[in-house]
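First up is the structure itself, then whatever we jot down about it.
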Amino acid sequence: MANLDFRTIGRNIKKRRTYLGITLETVADYLDVNPSHISNIECGRANPSLTVLVKIANILQCSVDVFIEKEYTYQTDCQTDQMLDEEILKKLKNCNTEKKSRILKMIDLL
């Protein structure tokens with residue numbers, strides 16, 4: 001697995017914090033750290049532990065996913081289904097009416 005993009009994670013934390021109107025000092029007080037440490041996390045100069053990410057998420061009333069969602073590389077079943085549907089449609093466009101009719105009958109048998 002590649003390293004996490006802590007710069008993006010930090011930007012996501014800052015975006016959420018400023019959206020809620022919560023100051024660096026408030027987050028720092030809750031975590032019992034210096035506000036400069038929170039600033040370093042938000043700028044990607046410090047890498048927060050999972051424990052710290054969870055605590056920040058609790059302060060900012062969201063899940064950790066809000067901060068790390070871009071780090072996931074797997075595809076959901078829905079995304080996979082959509083990709084398969086699109087691939088099937090591409091292939092069907094190249095078929096004549098007779099082939100499409102046979103394919104439809106095969107699908108009905110499934």
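Chains: A, B, ... in order of the structure tokens. Residues: from 1 per chain. Ligands: from 1, in order shown.
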Excluding range 27-38 of chain A and residues on its chain fewer than 5 positions from it, collect all residues at most 8 Å away from it, counting only C-alpha atoms, and give them as a CSV table (one decimal) with all heavy atoms, in the first residue's frame.
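Once written, around_34.csv looks like this:
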chain,number,residue,atom,x,y,z
A,22,ILE,N,-15.1,26.2,14.0
A,22,ILE,CA,-14.3,25.7,15.1
A,22,ILE,C,-12.9,26.2,15.0
A,22,ILE,O,-12.3,26.0,13.9
A,22,ILE,CB,-14.4,24.2,15.3
A,22,ILE,CG1,-15.9,23.8,15.6
A,22,ILE,CG2,-13.5,23.7,16.5
A,22,ILE,CD1,-16.1,22.3,15.7
A,46,ALA,N,2.6,17.3,9.9
A,46,ALA,CA,2.6,16.3,11.0
A,46,ALA,C,1.6,15.2,10.6
A,46,ALA,O,0.5,15.5,10.0
A,46,ALA,CB,2.2,16.9,12.3
A,52,VAL,N,-5.7,10.0,17.1
A,52,VAL,CA,-5.9,11.4,17.0
A,52,VAL,C,-7.0,11.8,15.9
A,52,VAL,O,-7.8,12.6,16.1
A,52,VAL,CB,-4.6,12.1,16.7
A,52,VAL,CG1,-4.8,13.6,16.3
A,52,VAL,CG2,-3.7,12.1,17.9
A,55,LYS,N,-10.3,11.2,17.4
A,55,LYS,CA,-10.7,12.3,18.3
A,55,LYS,C,-11.0,13.6,17.5
A,55,LYS,O,-12.0,14.3,17.9
A,55,LYS,CB,-9.5,12.6,19.3
A,55,LYS,CG,-9.3,11.5,20.3
A,55,LYS,CD,-8.1,11.8,21.2
A,55,LYS,CE,-8.0,10.8,22.3
A,55,LYS,NZ,-6.8,11.1,23.2
A,56,ILE,N,-10.3,13.9,16.5
A,56,ILE,CA,-10.6,15.1,15.7
A,56,ILE,C,-12.0,14.9,15.0
A,56,ILE,O,-12.8,15.8,15.0
A,56,ILE,CB,-9.5,15.3,14.6
A,56,ILE,CG1,-8.2,15.8,15.3
A,56,ILE,CG2,-10.0,16.4,13.6
A,56,ILE,CD1,-7.0,15.9,14.4
A,59,ILE,N,-14.6,15.6,17.5
A,59,ILE,CA,-14.7,17.1,17.8
A,59,ILE,C,-15.5,17.7,16.6
A,59,ILE,O,-16.4,18.6,16.8
A,59,ILE,CB,-13.3,17.7,17.9
A,59,ILE,CG1,-12.6,17.2,19.1
A,59,ILE,CG2,-13.5,19.3,18.0
A,59,ILE,CD1,-11.1,17.5,19.1
Which residues of range 32-55 of chain A come within 12 Å of range 61-75 of chain A, and what is each one's closest atom pair and distance in Å (one decimal), counting only C-alpha atoms, sorted by chain and residue number, as a tab-separated table?
residue	atom	partner	partner_atom	distance
A:Ile41	CA	A:Phe67	CA	11.7
A:Glu42	CA	A:Phe67	CA	10.6
A:Pro48	CA	A:Phe67	CA	11.4
A:Ser49	CA	A:Val64	CA	11.6
A:Leu50	CA	A:Val64	CA	8.9
A:Thr51	CA	A:Val64	CA	10.3
A:Val52	CA	A:Val64	CA	10.1
A:Leu53	CA	A:Val64	CA	6.5
A:Val54	CA	A:Val64	CA	6.1
A:Lys55	CA	A:Val64	CA	9.1
Please, could you write that set of residues out with C-alpha atoms as a PDB file, in the first residue's frame?
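Now in out_38.pdb:
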ATOM      1  CA  ILE A  41      -1.576  18.337  10.868  1.00  0.00           C
ATOM      2  CA  GLU A  42      -3.777  20.504   8.661  1.00  0.00           C
ATOM      3  CA  PRO A  48      -1.787  12.170  13.050  1.00  0.00           C
ATOM      4  CA  SER A  49      -2.276   8.719  14.492  1.00  0.00           C
ATOM      5  CA  LEU A  50      -5.552   6.886  14.051  1.00  0.00           C
ATOM      6  CA  THR A  51      -6.427   7.740  17.650  1.00  0.00           C
ATOM      7  CA  VAL A  52      -5.912  11.447  16.969  1.00  0.00           C
ATOM      8  CA  LEU A  53      -7.920  11.242  13.724  1.00  0.00           C
ATOM      9  CA  VAL A  54     -10.814   9.648  15.610  1.00  0.00           C
ATOM     10  CA  LYS A  55     -10.655  12.320  18.307  1.00  0.00           C
TER      11      LYS A  55
END
Can you list, as a PyMOL selection string, every residue of chain A that DSSP puts in alpha helix (DSSP H)?
chain A and resi 6-20+24-31+35-43+50-59+65-68+77-93+97-109
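Computed from the coordinates, the CA of Ile13 in chain A to CA of Arg45 in chain A distance equals 13.4 Å.
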Of the residues A:Ala57, A:Asp85, A:Arg7, A:Glu25, which is the one nearest to Asn40 in chain A, using only C-alpha atoms?
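The answer is A:Arg7, which sits nearest to Asn40 in chain A.
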Just the residues within 10 Å of Lys14 in chain A, please, counting only C-alpha atoms, with nothing from its chain fewer than 3 positions along; format it as a PyMOL selection string.
chain A and resi 8-11+17-20+22-24+38-39+41-43+60+67
